[in-house]
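File shown: coords-v3.cif. Contents: mmCIF, C-alpha atoms.
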```cif
data_coords
#
loop_
_atom_site.label_atom_id
_atom_site.label_comp_id
_atom_site.auth_asym_id
_atom_site.auth_seq_id
_atom_site.Cartn_x
_atom_site.Cartn_y
_atom_site.Cartn_z
CA MET A 102 83.37 108.63 114.02
CA SER A 103 87.14 108.13 114.03
CA TRP A 104 86.75 104.69 112.44
CA MET A 105 85.27 106.40 109.38
CA ALA A 106 88.60 108.20 108.93
CA TRP A 107 87.09 111.48 107.70
CA THR A 108 89.19 113.97 105.82
CA TRP A 109 88.16 117.47 104.79
CA PRO A 110 88.37 116.87 101.02
CA THR A 111 86.17 113.74 101.18
CA ALA A 112 83.76 115.47 103.58
CA LEU A 113 83.44 118.35 101.09
CA VAL A 114 82.68 115.91 98.27
CA PHE A 115 79.81 114.38 100.26
CA ILE A 116 78.57 117.78 101.45
CA GLY A 117 78.48 118.78 97.76
CA ILE A 118 76.55 115.65 96.71
CA PHE A 119 74.04 115.86 99.57
CA SER A 120 73.56 119.60 99.03
CA ALA A 121 72.83 118.94 95.35
CA ILE A 122 70.25 116.29 96.31
CA ILE A 123 68.62 118.64 98.83
CA LEU A 124 68.60 121.45 96.26
CA LEU A 125 66.95 119.16 93.69
CA THR A 126 64.36 118.14 96.29
CA ILE A 127 63.52 121.78 97.00
CA ILE A 128 63.25 122.53 93.26
CA GLU A 129 61.06 119.42 92.83
CA ILE A 130 58.71 120.61 95.60
CA LYS A 131 58.46 124.04 93.98
CA ARG A 132 58.20 122.74 90.41
CA PRO A 133 57.03 119.10 90.42
CA GLY A 134 57.43 116.83 87.41
CA GLY A 135 61.22 116.54 87.33
CA ASP A 136 61.52 118.84 84.29
CA GLU A 137 61.49 115.86 81.91
CA ARG A 138 62.90 116.45 78.45
CA MET A 139 64.53 114.71 75.51
CA GLY A 140 68.16 115.76 75.31
CA VAL A 141 71.03 115.28 72.88
CA LEU A 142 71.55 111.67 74.01
CA ARG A 143 68.02 110.97 72.67
CA ILE A 144 66.82 109.77 76.06
CA VAL A 145 64.28 111.34 78.36
CA THR A 146 65.96 112.71 81.48
CA THR A 147 64.79 114.37 84.68
CA ARG A 148 66.82 116.75 86.87
CA GLY A 149 67.86 113.78 89.01
CA ASP A 150 69.03 111.84 85.94
CA ARG A 151 71.09 114.83 84.87
CA LEU A 152 72.71 115.09 88.29
CA PHE A 153 73.46 111.34 88.25
CA LEU A 154 74.96 111.53 84.75
CA SER A 155 77.03 114.59 85.55
CA ILE A 156 78.51 113.03 88.72
CA LEU A 157 79.15 109.67 87.04
CA GLY A 158 80.64 111.35 83.98
CA THR A 159 82.91 113.52 86.13
CA VAL A 160 84.11 110.43 88.02
CA TYR A 161 85.01 108.80 84.69
CA ILE A 162 86.78 111.93 83.42
CA PHE A 163 88.97 111.93 86.56
CA LEU A 164 89.59 108.17 86.42
CA ALA A 165 90.51 108.30 82.72
CA TRP A 166 92.89 111.20 83.35
CA LEU A 167 94.51 109.43 86.31
CA GLY A 168 94.85 106.19 84.34
CA PHE A 169 96.23 107.65 81.11
CA ILE A 170 98.01 110.86 82.15
CA GLY A 171 98.23 111.31 85.95
CA MET A 172 98.67 114.33 88.18
CA PRO A 173 97.94 117.28 88.25
CA LEU A 174 94.16 117.28 87.85
CA TRP A 175 93.34 120.87 86.81
CA ILE A 176 92.41 119.90 83.25
CA PRO A 177 90.01 117.08 84.26
CA LEU A 178 88.52 119.45 86.85
CA PHE A 179 87.81 121.93 84.07
CA LEU A 180 86.47 119.13 81.82
CA GLY A 181 84.30 117.89 84.71
CA ILE A 182 82.77 121.34 85.22
CA CYS A 183 82.13 121.61 81.46
CA TRP A 184 80.49 118.15 81.49
CA PHE A 185 78.33 119.21 84.47
CA VAL A 186 77.13 122.32 82.66
CA PHE A 187 76.61 120.37 79.42
CA CYS A 188 74.50 117.73 81.26
CA PHE A 189 72.21 120.30 82.83
CA LEU A 190 71.82 122.33 79.64
CA LYS A 191 71.73 119.74 76.87
CA VAL A 192 71.22 116.17 78.15
CA MET B 480 46.48 125.03 100.85
CA LYS B 481 47.84 121.66 101.90
CA THR B 482 45.75 118.95 100.27
CA GLU B 483 47.88 115.84 100.57
CA ASN B 484 48.64 113.76 103.63
CA GLN B 485 52.41 113.53 103.90
CA LYS B 486 52.49 111.12 106.85
CA ALA B 487 53.35 108.19 104.57
CA TRP B 488 56.92 109.49 104.45
CA PHE B 489 57.37 108.21 108.01
CA PHE B 490 56.88 104.67 106.71
CA VAL B 491 59.90 105.17 104.46
CA LEU B 492 62.11 106.23 107.36
CA PRO B 493 63.08 102.69 108.50
CA VAL B 494 64.22 101.88 104.94
CA LEU B 495 66.19 105.10 104.79
CA LEU B 496 67.89 104.27 108.09
CA LEU B 497 68.63 100.73 106.92
CA VAL B 498 70.11 101.94 103.63
CA ALA B 499 72.12 104.57 105.52
CA PHE B 500 73.63 101.96 107.80
CA ASN B 501 74.26 99.20 105.29
CA ALA B 502 75.15 101.23 102.21
CA ILE B 503 75.73 104.96 102.57
CA ILE B 504 77.89 105.00 105.71
CA PRO B 505 80.11 102.08 104.59
CA MET B 506 80.38 103.73 101.16
CA MET B 507 81.51 107.02 102.72
CA THR B 508 84.05 105.10 104.81
CA VAL B 509 85.41 103.41 101.68
CA VAL B 510 85.79 106.82 100.01
CA ASN B 511 87.68 108.06 103.08
CA TYR B 512 89.94 105.00 103.11
CA SER B 513 90.66 105.33 99.37
CA VAL B 514 92.60 108.57 99.84
CA GLN B 515 94.62 107.48 102.87
CA GLU B 516 97.26 105.00 103.95
CA THR B 517 96.10 102.92 106.90
CA PHE B 518 98.19 101.64 109.76
CA GLY B 519 97.14 99.76 112.86
CA ASP B 520 95.70 101.60 115.86
CA ASN B 521 93.47 103.74 113.63
CA LEU B 522 96.35 105.73 112.15
CA PHE B 523 95.64 107.29 108.77
CA PHE B 524 97.91 109.32 106.47
CA TRP B 525 96.72 111.39 103.55
CA GLU B 526 97.72 109.93 100.16
CA GLY B 527 95.46 111.84 97.78
CA LEU B 528 94.59 109.95 94.61
CA THR B 529 97.76 107.84 94.56
CA TRP B 530 95.91 104.56 95.05
CA PHE B 531 93.58 105.27 92.17
CA GLU B 532 96.51 106.02 89.88
CA GLN B 533 98.30 102.87 91.05
CA ILE B 534 95.25 100.60 90.59
CA LEU B 535 94.30 102.06 87.20
CA ARG B 536 97.80 101.38 85.88
CA SER B 537 98.25 97.98 87.46
CA GLU B 538 98.43 94.98 85.14
CA ARG B 539 96.98 92.81 87.89
CA PHE B 540 93.84 94.98 87.96
CA HIS B 541 93.56 94.99 84.15
CA ASN B 542 93.81 91.19 84.06
CA ALA B 543 91.23 90.69 86.82
CA LEU B 544 88.90 93.19 85.14
CA GLY B 545 89.31 91.40 81.80
CA ARG B 546 88.47 88.06 83.41
CA GLN B 547 85.49 89.63 85.13
CA PHE B 548 84.08 91.03 81.88
CA LEU B 549 84.68 87.71 80.11
CA PHE B 550 82.90 85.83 82.91
CA THR B 551 79.90 88.19 82.89
CA PHE B 552 79.71 88.18 79.08
CA LEU B 553 79.70 84.36 78.96
CA ILE B 554 77.11 84.18 81.75
CA LEU B 555 74.76 86.58 79.98
CA ILE B 556 75.03 85.04 76.51
CA ILE B 557 74.41 81.56 77.92
CA GLU B 558 71.87 82.17 80.68
CA VAL B 559 69.55 84.64 78.98
CA PRO B 560 68.79 82.62 75.77
CA LEU B 561 68.78 79.35 77.74
CA GLY B 562 66.42 80.80 80.36
CA ILE B 563 64.04 82.07 77.66
CA ALA B 564 64.16 78.70 75.85
CA ILE B 565 63.35 76.78 79.06
CA ALA B 566 60.54 79.20 79.93
CA LEU B 567 59.05 78.73 76.45
CA ALA B 568 59.23 74.96 76.84
CA MET B 569 57.52 74.94 80.24
CA PRO B 570 53.82 74.05 80.42
CA ARG B 571 51.41 76.98 80.95
CA LYS B 572 48.68 75.01 82.73
CA GLY B 573 48.06 71.67 84.36
CA PHE B 574 49.75 69.39 86.88
CA TRP B 575 53.32 69.98 85.67
CA VAL B 576 53.31 73.75 86.21
CA PRO B 577 53.98 73.70 89.99
CA VAL B 578 56.40 70.77 89.56
CA CYS B 579 58.45 72.70 87.00
CA LEU B 580 58.34 75.90 89.05
CA VAL B 581 59.55 74.14 92.21
CA LEU B 582 62.29 72.30 90.32
CA MET B 583 63.40 75.57 88.73
CA SER B 584 63.48 77.34 92.10
CA LEU B 585 65.53 74.69 93.88
CA PRO B 586 69.04 75.76 92.76
CA MET B 587 68.37 79.33 93.87
CA LEU B 588 67.46 78.20 97.37
CA ILE B 589 70.93 76.78 97.99
CA PRO B 590 73.37 79.16 99.72
CA TRP B 591 76.24 80.36 97.55
CA ASN B 592 79.03 78.82 99.60
CA VAL B 593 77.21 75.48 99.60
CA VAL B 594 76.91 75.65 95.79
CA GLY B 595 80.67 76.25 95.57
CA ALA B 596 81.44 73.37 97.93
CA MET B 597 79.02 71.03 96.13
CA TRP B 598 80.53 71.75 92.73
CA ASN B 599 84.03 71.48 94.13
CA ILE B 600 83.39 67.93 95.32
CA PHE B 601 81.32 67.13 92.21
CA ALA B 602 84.13 68.24 89.88
CA LEU B 603 87.17 66.79 91.67
CA PRO B 604 88.98 64.69 89.06
CA ASP B 605 89.41 61.50 91.11
CA ILE B 606 86.49 61.31 93.51
CA GLY B 607 83.84 63.72 92.15
CA LEU B 608 81.00 62.27 90.12
CA LEU B 609 81.56 64.70 87.22
CA GLY B 610 85.37 64.56 87.37
CA TYR B 611 85.49 60.77 87.66
CA THR B 612 82.96 60.25 84.86
CA LEU B 613 84.78 62.59 82.47
CA ASN B 614 88.23 61.18 83.23
CA HIS B 615 87.65 57.49 83.78
CA VAL B 616 84.43 56.70 81.90
CA LEU B 617 84.47 59.07 78.92
CA GLY B 618 88.26 59.35 78.73
CA ILE B 619 88.24 63.18 78.58
CA ASN B 620 91.23 64.73 80.30
CA TYR B 621 89.59 67.03 82.86
CA ASP B 622 91.18 68.54 85.94
CA MET B 623 89.86 71.88 87.12
CA THR B 624 92.59 72.14 89.75
CA GLN B 625 95.34 72.13 87.08
CA ASP B 626 93.81 73.23 83.80
CA PRO B 627 92.56 76.86 83.48
CA VAL B 628 90.12 75.97 80.68
CA ALA B 629 88.58 73.20 82.81
CA ALA B 630 88.36 75.61 85.76
CA TRP B 631 86.56 78.18 83.59
CA VAL B 632 84.18 75.59 82.16
CA THR B 633 83.39 74.47 85.71
CA ILE B 634 82.68 77.92 87.15
CA ILE B 635 80.56 78.87 84.13
CA THR B 636 78.60 75.59 84.33
CA MET B 637 78.13 76.07 88.06
CA ASP B 638 76.76 79.58 87.59
CA VAL B 639 74.50 78.47 84.73
CA TRP B 640 73.17 75.68 86.97
CA HIS B 641 72.65 78.06 89.88
CA TRP B 642 71.18 81.13 88.21
CA THR B 643 69.55 80.25 84.88
CA SER B 644 66.43 79.55 86.96
CA LEU B 645 66.12 83.24 87.75
CA VAL B 646 65.89 84.10 84.05
CA VAL B 647 63.50 81.17 83.55
CA LEU B 648 61.14 82.26 86.33
CA LEU B 649 61.12 85.90 85.27
CA SER B 650 60.62 85.02 81.59
CA TYR B 651 57.89 82.56 82.54
CA ALA B 652 56.12 85.28 84.54
CA GLY B 653 56.28 87.48 81.43
CA LEU B 654 54.98 84.69 79.20
CA VAL B 655 51.98 83.74 81.32
CA SER B 656 50.88 87.36 81.49
CA ILE B 657 50.30 87.45 77.69
CA PRO B 658 46.54 87.30 77.00
CA GLU B 659 45.33 84.33 74.93
CA ALA B 660 43.80 86.75 72.40
CA TYR B 661 47.28 87.62 71.06
CA TYR B 662 47.96 83.97 70.24
CA GLN B 663 44.52 83.58 68.66
CA ALA B 664 45.12 86.63 66.46
CA ALA B 665 48.52 85.26 65.44
CA LYS B 666 46.96 81.90 64.60
CA ILE B 667 44.32 83.56 62.40
CA ASP B 668 47.08 85.45 60.59
CA GLY B 669 48.97 82.18 60.09
CA ALA B 670 52.03 83.40 61.98
CA SER B 671 54.96 81.00 62.36
CA ASN B 672 56.34 80.03 65.78
CA TRP B 673 59.27 82.35 65.19
CA SER B 674 56.95 85.28 64.35
CA VAL B 675 54.90 84.62 67.49
CA PHE B 676 58.11 84.68 69.53
CA ARG B 677 59.59 87.70 67.79
CA PHE B 678 56.50 89.92 67.66
CA ILE B 679 54.39 88.80 70.62
CA GLN B 680 56.34 86.93 73.28
CA LEU B 681 59.65 88.81 73.15
CA PRO B 682 58.13 92.33 73.28
CA LYS B 683 55.83 91.25 76.12
CA MET B 684 58.79 89.81 78.03
CA LYS B 685 60.87 92.96 77.57
CA ASN B 686 60.31 94.44 81.01
CA VAL B 687 60.98 91.25 82.94
CA LEU B 688 63.98 90.50 80.71
CA THR B 689 65.40 93.94 81.49
CA ILE B 690 65.20 93.10 85.18
CA ALA B 691 66.60 89.59 84.59
CA ILE B 692 69.57 90.88 82.56
CA LEU B 693 70.28 93.65 85.06
CA LEU B 694 70.15 91.25 88.02
CA ARG B 695 72.31 88.68 86.25
CA PHE B 696 74.77 91.36 85.18
CA MET B 697 75.12 92.82 88.68
CA ASP B 698 75.27 89.42 90.39
CA SER B 699 77.76 87.90 87.97
CA PHE B 700 79.89 91.04 87.91
CA ASN B 701 80.05 91.08 91.72
CA ILE B 702 80.29 87.31 92.17
CA TYR B 703 82.67 86.15 94.89
CA THR B 704 81.67 83.19 97.05
CA GLU B 705 81.02 80.47 94.48
CA PRO B 706 84.23 80.76 92.40
CA PHE B 707 86.25 81.38 95.57
CA VAL B 708 85.00 78.17 97.19
CA LEU B 709 85.22 76.23 93.92
CA THR B 710 88.65 77.20 92.58
CA GLY B 711 90.03 79.76 95.06
CA GLY B 712 90.93 81.90 92.03
CA GLY B 713 93.20 79.24 90.56
CA PRO B 714 94.88 77.44 88.94
CA GLY B 715 97.41 80.28 89.12
CA ASN B 716 95.29 83.40 88.74
CA SER B 717 93.16 82.08 85.91
CA THR B 718 89.83 82.38 87.74
CA THR B 719 90.77 85.30 89.99
CA LEU B 720 87.85 87.56 89.27
CA LEU B 721 87.75 91.20 90.37
CA SER B 722 86.03 90.54 93.71
CA ILE B 723 88.44 87.72 94.60
CA ASP B 724 91.39 89.97 93.80
CA LEU B 725 89.83 92.75 95.84
CA VAL B 726 89.45 90.54 98.90
CA LYS B 727 93.06 89.36 98.48
CA ILE B 728 94.24 92.98 98.54
CA ALA B 729 91.93 94.07 101.36
CA LEU B 730 92.08 91.11 103.73
CA GLY B 731 95.08 89.08 102.51
CA GLN B 732 97.54 91.94 102.17
CA PHE B 733 95.57 94.31 104.43
CA ASP B 734 96.15 97.15 101.95
CA LEU B 735 92.94 98.98 102.78
CA GLY B 736 93.73 102.14 100.79
CA PRO B 737 94.34 100.44 97.40
CA ALA B 738 91.45 98.03 98.12
CA ALA B 739 89.11 100.96 98.79
CA ALA B 740 90.23 102.70 95.58
CA MET B 741 89.70 99.44 93.66
CA SER B 742 86.21 99.00 95.17
CA LEU B 743 85.22 102.48 94.05
CA ILE B 744 86.46 101.87 90.50
CA TYR B 745 84.62 98.52 90.58
CA PHE B 746 81.47 100.29 91.80
CA ALA B 747 81.73 102.98 89.09
CA ILE B 748 81.98 100.28 86.39
CA THR B 749 78.99 98.35 87.78
CA LEU B 750 76.97 101.56 87.99
CA LEU B 751 77.79 102.69 84.46
CA VAL B 752 77.16 99.31 82.81
CA SER B 753 73.89 98.83 84.73
CA TRP B 754 72.76 102.30 83.71
CA LEU B 755 73.70 101.63 80.07
CA PHE B 756 71.82 98.31 80.04
CA TYR B 757 68.76 99.83 81.65
CA THR B 758 68.73 102.93 79.44
CA LEU B 759 69.37 101.10 76.18
CA MET B 760 66.78 98.42 76.90
CA ASN B 761 64.17 101.06 77.81
CA ARG B 762 65.16 103.60 75.21
CA GLU B 763 62.24 102.88 72.91
CA ASP B 764 59.68 103.25 75.73
CA LEU B 765 61.32 106.43 77.02
CA ASN B 766 61.43 107.95 73.55
CA THR B 767 57.77 107.16 72.99
CA GLU B 768 56.90 108.77 76.32
CA GLY B 769 59.05 111.79 75.47
CA GLU B 770 57.23 112.38 72.19
CA ARG B 771 53.83 112.34 73.88
#
```

This structure in structure tokens:
Amino acid sequence: MSWMAWTWPTALVFIGIFSAIILLTIIEIKRPGGDERMGVLRIVTTRGDRLFLSILGTVYIFLAWLGFIGMPLWIPLFLGICWFVFCFLKV
Amino acid sequence: MKTENQKAWFFVLPVLLLVAFNAIIPMMTVVNYSVQETFGDNLFFWEGLTWFEQILRSERFHNALGRQFLFTFLILIIEVPLGIAIALAMPRKGFWVPVCLVLMSLPMLIPWNVVGAMWNIFALPDIGLLGYTLNHVLGINYDMTQDPVAAWVTIITMDVWHWTSLVVLLSYAGLVSIPEAYYQAAKIDGASNWSVFRFIQLPKMKNVLTIAILLRFMDSFNIYTEPFVLTGGGPGNSTTLLSIDLVKIALGQFDLGPAAAMSLIYFAITLLVSWLFYTLMNREDLNTEGER
């Protein structure tokens, strides 16, 4: 495993993503159908779509902040959490 | 009570393992590399997000990204309409159908590096058939090794030659699946050729065109071998697309950290644009489903 050069922060990111996928799978088994709905973006999304959009959006928030402003990253972290909540409630 | 047989999941396991080994594990490794400085002998030092900041602010990256978008844009606006036009012109039945299909498939059967090498020799100004004809027969000053415009024209032409067939074959598959009754109804209504295309053929081709555009976007946005073999990114940096620049950083300079950060940014762009294409092109269908 040493060739993969693991670090704790990156490991936590992947643990977070995989946990979210496992959680969605459990919810899907309990309540099948993906909870499809038409959100504010006027597209039909499932829980999985919302997770995808929230992760991708958060990545872009961090990249934009790093590109235009730079460190520290507390504000984009806050914006990322807001985007996450927004995606699951409104998208 | 358990009513369904879940054993089919075991058939998916080999695919899951394959994807894990060829995509997920390398991807996780790239993420790990992107936050560290690498030295020989497996020595890594934590750098945080420095490489991302450096890449996002680098003019070299902006230029390569600009060239990459320009390349993909040109490829899509040439190959998609051309592919549809060729598919429309192809016969739907008779002896010529298999001949056309085989001829259309031929360019796609040639390996990418061979296509690059073929076009390199073909376009050389003094000895290549294309280069010699343009320079010495038609009197057009053409040298893809010196002139950036000529290099761009050559890589675009090469890609159009290599990959338009994909759009043709997918569009053709869409066209032949349209029942004859639609054409008969259009004929009774006195519809023009344009109306038949706009209201029958194009909507019926929508699904295959979505796939064709997505595939062409992803392939052209990630293209490496053909332009690398053809121009090597030159003259100067004029055809250094994102993937060529990435390989230069990763393998030429052996800067694995910045290269990993650049790959992840590259991946995020490909993912977002593919998602946008797919969602926008399917929006109408999704909305209709949502209202049901």

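Excluding A:Phe179 itself and any same-chain residue fewer than 4 positions from it, the protein and nucleic acid residues within 12 Å of it, counting only C-alpha atoms, are Thr159, Ile162, Phe163, Trp166, Pro173, Leu174, Trp175, Cys183, Trp184, Phe185 and Val186 of chain A.
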
Can I get the residues of chain A within 12 Å of chain B, each with the closest pair of atoms and their distance in Å to one decimal, using only C-alpha atoms, sorted chain first then ascending number, as CSV?
```
residue,atom,partner,partner_atom,distance
A:Met102,CA,B:Thr508,CA,9.9
A:Ser103,CA,B:Asn521,CA,7.7
A:Trp104,CA,B:Asn521,CA,6.9
A:Met105,CA,B:Thr508,CA,4.9
A:Ala106,CA,B:Asn511,CA,5.9
A:Trp107,CA,B:Asn511,CA,5.8
A:Thr108,CA,B:Asn511,CA,6.7
A:Trp109,CA,B:Asn511,CA,9.6
A:Pro110,CA,B:Asn511,CA,9.1
A:Thr111,CA,B:Asn511,CA,6.2
A:Ala112,CA,B:Asn511,CA,8.4
A:Leu113,CA,B:Asn511,CA,11.3
A:Val114,CA,B:Val510,CA,9.8
A:Phe115,CA,B:Met507,CA,7.9
A:Ile116,CA,B:Met507,CA,11.2
A:Ile118,CA,B:Met507,CA,11.6
A:Phe119,CA,B:Ile503,CA,11.4
A:Asp136,CA,B:Gly769,CA,11.6
A:Glu137,CA,B:Gly769,CA,8.0
A:Arg138,CA,B:Gly769,CA,6.7
A:Met139,CA,B:Gly769,CA,6.2
A:Gly140,CA,B:Gly769,CA,9.9
A:Leu142,CA,B:Arg762,CA,10.4
A:Arg143,CA,B:Asn766,CA,7.3
A:Ile144,CA,B:Asn766,CA,6.2
A:Val145,CA,B:Leu765,CA,5.9
A:Thr146,CA,B:Leu765,CA,9.0
A:Thr147,CA,B:Gly769,CA,11.2
A:Asp150,CA,B:Trp754,CA,10.5
A:Phe153,CA,B:Trp754,CA,10.1
A:Leu154,CA,B:Leu751,CA,9.3
A:Ser155,CA,B:Leu751,CA,12.0
A:Ile156,CA,B:Ala747,CA,10.6
A:Leu157,CA,B:Ala747,CA,7.5
A:Gly158,CA,B:Leu751,CA,9.1
A:Thr159,CA,B:Ala747,CA,11.0
A:Val160,CA,B:Ala747,CA,7.9
A:Tyr161,CA,B:Ala747,CA,8.0
A:Ile162,CA,B:Ala747,CA,11.7
A:Phe163,CA,B:Phe531,CA,9.9
A:Leu164,CA,B:Phe531,CA,7.6
A:Ala165,CA,B:Leu535,CA,8.6
A:Trp166,CA,B:Glu532,CA,9.1
A:Leu167,CA,B:Glu532,CA,5.3
A:Gly168,CA,B:Leu535,CA,5.1
A:Phe169,CA,B:Arg536,CA,8.0
A:Ile170,CA,B:Glu532,CA,9.2
A:Gly171,CA,B:Glu532,CA,6.8
A:Met172,CA,B:Glu532,CA,8.8
A:Pro173,CA,B:Leu528,CA,10.3
A:Leu174,CA,B:Leu528,CA,10.0
```

Computed interatomic separation between atom CA of B:Phe707 and atom CA of B:Met741 (Å): 18.5 Å

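Note that atom CA of B:Thr633 and atom CA of B:Ile619 are 14.2 Å apart.
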
Determine the residue membership of the PyMOL selection byres ((chain B and resi 642) around 8) for the file above and supply it as a PyMOL selection string. chain B and resi 558+586-587+638-641+643-646+695

Taking all atoms of stretch 168-185 of chain A that the file lists and extending 8 Å past them on each side, where is the centre of the axis-aligned box and how long are its edges? Answer in Å to one decimal, as JSON.
```
{"center_x": 88.5, "center_y": 114.1, "center_z": 84.7, "size_x": 36.3, "size_y": 31.7, "size_z": 23.1}
```

Spatial sel., origin (90.0, 81.5, 85.3), limit 9 Å, all atoms listed in the file, listed as a ChimeraX atom specification: /B:546,550,627-632,634,710,712-720

Add whatever atoms are absent from stretch 127-138 of chain A to reach N, CA and C atoms, and provide the output as a compact mmCIF listing (two decimals), in the frame of the given file.
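Generated output (result_34.txt):
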```txt
# COMPACT_ATOMS: atom_id res chain seq x y z
N ILE A 127 64.22 120.50 96.82
CA ILE A 127 63.52 121.78 97.00
C ILE A 127 62.92 122.24 95.65
N ILE A 128 63.76 122.12 94.59
CA ILE A 128 63.25 122.53 93.26
C ILE A 128 62.06 121.67 92.86
N GLU A 129 62.15 120.35 93.18
CA GLU A 129 61.06 119.42 92.83
C GLU A 129 59.77 119.78 93.56
N ILE A 130 59.91 120.21 94.84
CA ILE A 130 58.71 120.61 95.60
C ILE A 130 58.09 121.87 94.97
N LYS A 131 58.96 122.79 94.56
CA LYS A 131 58.46 124.04 93.98
C LYS A 131 57.91 123.82 92.57
N ARG A 132 58.65 123.01 91.79
CA ARG A 132 58.20 122.74 90.41
C ARG A 132 58.17 121.24 90.17
N PRO A 133 57.09 120.56 90.55
CA PRO A 133 57.03 119.10 90.42
C PRO A 133 57.07 118.64 88.96
N GLY A 134 57.42 117.38 88.78
CA GLY A 134 57.43 116.83 87.41
C GLY A 134 58.81 116.45 86.94
N GLY A 135 59.84 116.92 87.66
CA GLY A 135 61.22 116.54 87.33
C GLY A 135 61.80 117.21 86.12
N ASP A 136 61.04 118.14 85.48
CA ASP A 136 61.52 118.84 84.29
C ASP A 136 62.00 117.84 83.23
N GLU A 137 61.13 116.90 82.90
CA GLU A 137 61.49 115.86 81.91
C GLU A 137 61.69 116.47 80.54
N ARG A 138 62.70 115.98 79.83
CA ARG A 138 62.90 116.45 78.45
C ARG A 138 63.77 115.46 77.69
```
